[in-house]
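A quick write-up on the structure given underneath.
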Protein chains: 2
Amino acid sequence: MTSRTGPGLTLMTTVTCDLTVSVDGFVAGPRQSLDEPLGEGGERLHRWIFDPQGEDQAVIDAWQQAPGAYVMGRNMFAGPGPGPWDLAWRGWWGEDPPYHHPVVVLSHHPRADLVMDGGTTFMFETGGIVAALERASALAGAGTVAIAGGASTANQYLAAGLVDELHLHIAPLVLGGGARLFEGVGPRDLVPTQVIGSRDVTHVRYRLT
Amino acid sequence: MTSRTGPGLTLMTTVTCDLTVSVDGFVAGPRQSLDEPLGEGGERLHRWIFDPQGEDQAVIDAWQQAPGAYVMGRNMFAGPGPGPWDLAWRGWWGEDPPYHHPVVVLSHHPRADLVMDGGTTFMFETGGIVAALERASALAGAGTVAIAGGASTANQYLAAGLVDELHLHIAPLVLGGGARLFEGVGPRDLVPTQVIGSRDVTHVRYRLT
């Protein structure tokens, strides 16, 4: 567990970010839409999750069991593209989203908490990425805070130096375009702490310095 | 060993490409020059070669021992930047380059073979990437043909579907800019065949389909 202080920021929670990327560094293919939420070719990124091989299931379990709260971007809640975005819209995860914990959604619009089935509550934070992280940290209990994406949200947290552990799941495909991880993040060093390979994916854990 | 035929192309040689890349996909940092041939921050990409850890040395040995001939781009021979490029220029690798085999250099200018110490001979091919590959293949004997780089040359061969095995050595740093692997390559599938992690690098071998 990391204690980190910054301008107005004291966290006692480890901040993680699990992302599946193509070998050319995209977390989604080009032209994301509600029909193709992961963009052209992007569905195949997550093949390893739906048909785990070798140690993939253990990696999935670790990914899902560690967080006590999540932070996600607006599009990750509402769905890609212009999409519906009004107070009646309950997100595109269905009534039982796969989070089962509080999820702080970065938003420009204040909104009451949205309690879903299965333990997921979406909370809307208009104060920016630091405020969202502090709020999630206060909600996480003994768990980690997981930055759930998408790429733009992950890049903002990485650029601000607010991620302790980046867990990349590198899928064996070239997407050729889309939402790029590390865009605008700038030079920085990482420390690989774990490498696991399976048939469909290479898992690399990095600690950020 | 792969036999591949295409328009005017029959190869009985396996074509490999070993590249060290940053986690954000660059084989060199921004602003390459003769003073900083790997661009800003790019020297650190190759730390694992100069101070091998764990299984790194075995990976280096496999990388160096398999090829019977190389193909490289013009800048990889002459040095980055505008640099010297006349018939007196013997490249920037010194008199005993680390190849020890024939090296076919993609060039727009015909030039006589350049015999160096230690078994390296630079040969200049003006007929394009397929002609260069055929020539290297004929020279490789029982060895592989290795595409030695840089990024633009590797991307041309990848885009043309002429690489059998891509060996990525993923260094744990974000460069934030530079020469990008996979630029313009377009959608394609790969098959991971080997994953090895060490302190400073993650080695992933891919077979291209």
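Labels used: A, B, ... for chains in the order of the structure tokens, numbers from 1 for residues in each chain, and numbers from 1 for ligands as shown.
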Quiz prompt | Within 9 Å of region 171-185 of chain B using only C-alpha atoms, minus same-chain residues under 3 positions, as a count of residues only | solution = 55
Quiz item: Quick one: residues within 9 Å of region 55-65 of chain A, only C-alpha atoms counted, chain neighbours fewer than 5 positions away excluded, as a count of residues only?
Solution: 14
Practice problem: Could you tell me, as an NGL selection string, which residues of region 79-192 of chain A DSSP assigns to strand (DSSP E or B) when given the backbone? | Solution: :A and (102-106 or 114-115 or 121-125 or 144-149 or 165-171 or 173-174 or 179-180 or 188-192)
Quiz item: Between A:Pro102, A:Gly94, A:Gly54, A:Pro37, which has the minimum distance to Ala138 (chain A) (counting only C-alpha atoms)?
Solution: A:Pro102
Quiz item: Near region 122-129 of chain A, counting only C-alpha atoms, which residues have an atom at most 9 Å away, once you skip same-chain residues fewer than 5 positions from it, shown as a PyMOL selection string?
Solution: chain A and resi 71+77+101-116+134-135+153+156-157
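If you look at CA of Asp117 (chain A) and CA of Glu95 (chain A), they are 5.8 Å away from each other.
Nearest to chain B of all the residues A:Ile170, A:Leu11, A:Ala132, A:Val145 is A:Ile170, counting only C-alpha atoms.
Here CA of Glu36 (chain A) is placed at a distance of 15.8 Å from CA of Gly91 (chain A).
Take CA of Thr144 (chain A) and CA of Glu43 (chain A): the distance between them is 27.0 Å.
Excluding Glu165 (chain A) itself and same-chain residues fewer than 4 positions from it, the residues having an atom within 8 Å of it are Thr14, Val15, Thr16, Cys17, Arg205, Tyr206, Arg207 and Leu208 of chain A, counting only C-alpha atoms.
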Could you save the residues just selected, with N, CA, C and O atoms, as a CSV table (one decimal), in the first residue's frame?
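So result-v4.csv came out as:
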chain,number,residue,atom,x,y,z
A,14,THR,N,-3.7,1.9,-2.6
A,14,THR,CA,-3.0,1.6,-3.9
A,14,THR,C,-3.9,1.8,-5.1
A,14,THR,O,-5.0,1.4,-5.1
A,15,VAL,N,-3.4,2.5,-6.0
A,15,VAL,CA,-4.1,2.8,-7.3
A,15,VAL,C,-3.6,2.0,-8.4
A,15,VAL,O,-2.4,2.0,-8.7
A,16,THR,N,-4.5,1.1,-8.9
A,16,THR,CA,-4.1,0.2,-10.0
A,16,THR,C,-4.9,0.6,-11.3
A,16,THR,O,-5.9,1.2,-11.2
A,17,CYS,N,-4.4,0.1,-12.4
A,17,CYS,CA,-5.0,0.2,-13.6
A,17,CYS,C,-4.8,-1.0,-14.5
A,17,CYS,O,-3.6,-1.3,-14.8
A,205,ARG,N,2.8,-6.9,-15.2
A,205,ARG,CA,2.6,-5.9,-14.2
A,205,ARG,C,3.7,-4.9,-14.1
A,205,ARG,O,4.9,-5.4,-14.0
A,206,TYR,N,3.4,-3.6,-14.0
A,206,TYR,CA,4.5,-2.6,-13.8
A,206,TYR,C,4.2,-1.8,-12.5
A,206,TYR,O,3.0,-1.5,-12.3
A,207,ARG,N,5.2,-1.5,-11.8
A,207,ARG,CA,5.1,-0.6,-10.7
A,207,ARG,C,5.6,0.8,-11.3
A,207,ARG,O,6.6,0.8,-12.0
A,208,LEU,N,4.9,1.8,-11.0
A,208,LEU,CA,5.3,3.1,-11.6
A,208,LEU,C,6.2,3.8,-10.5
A,208,LEU,O,5.9,3.8,-9.3
Self-check item: In region 62-161 of chain A, DSSP alpha helix (DSSP H) residues written as a PyMOL selection string
Solution: chain A and resi 62-65+74-78+129-139+151-159
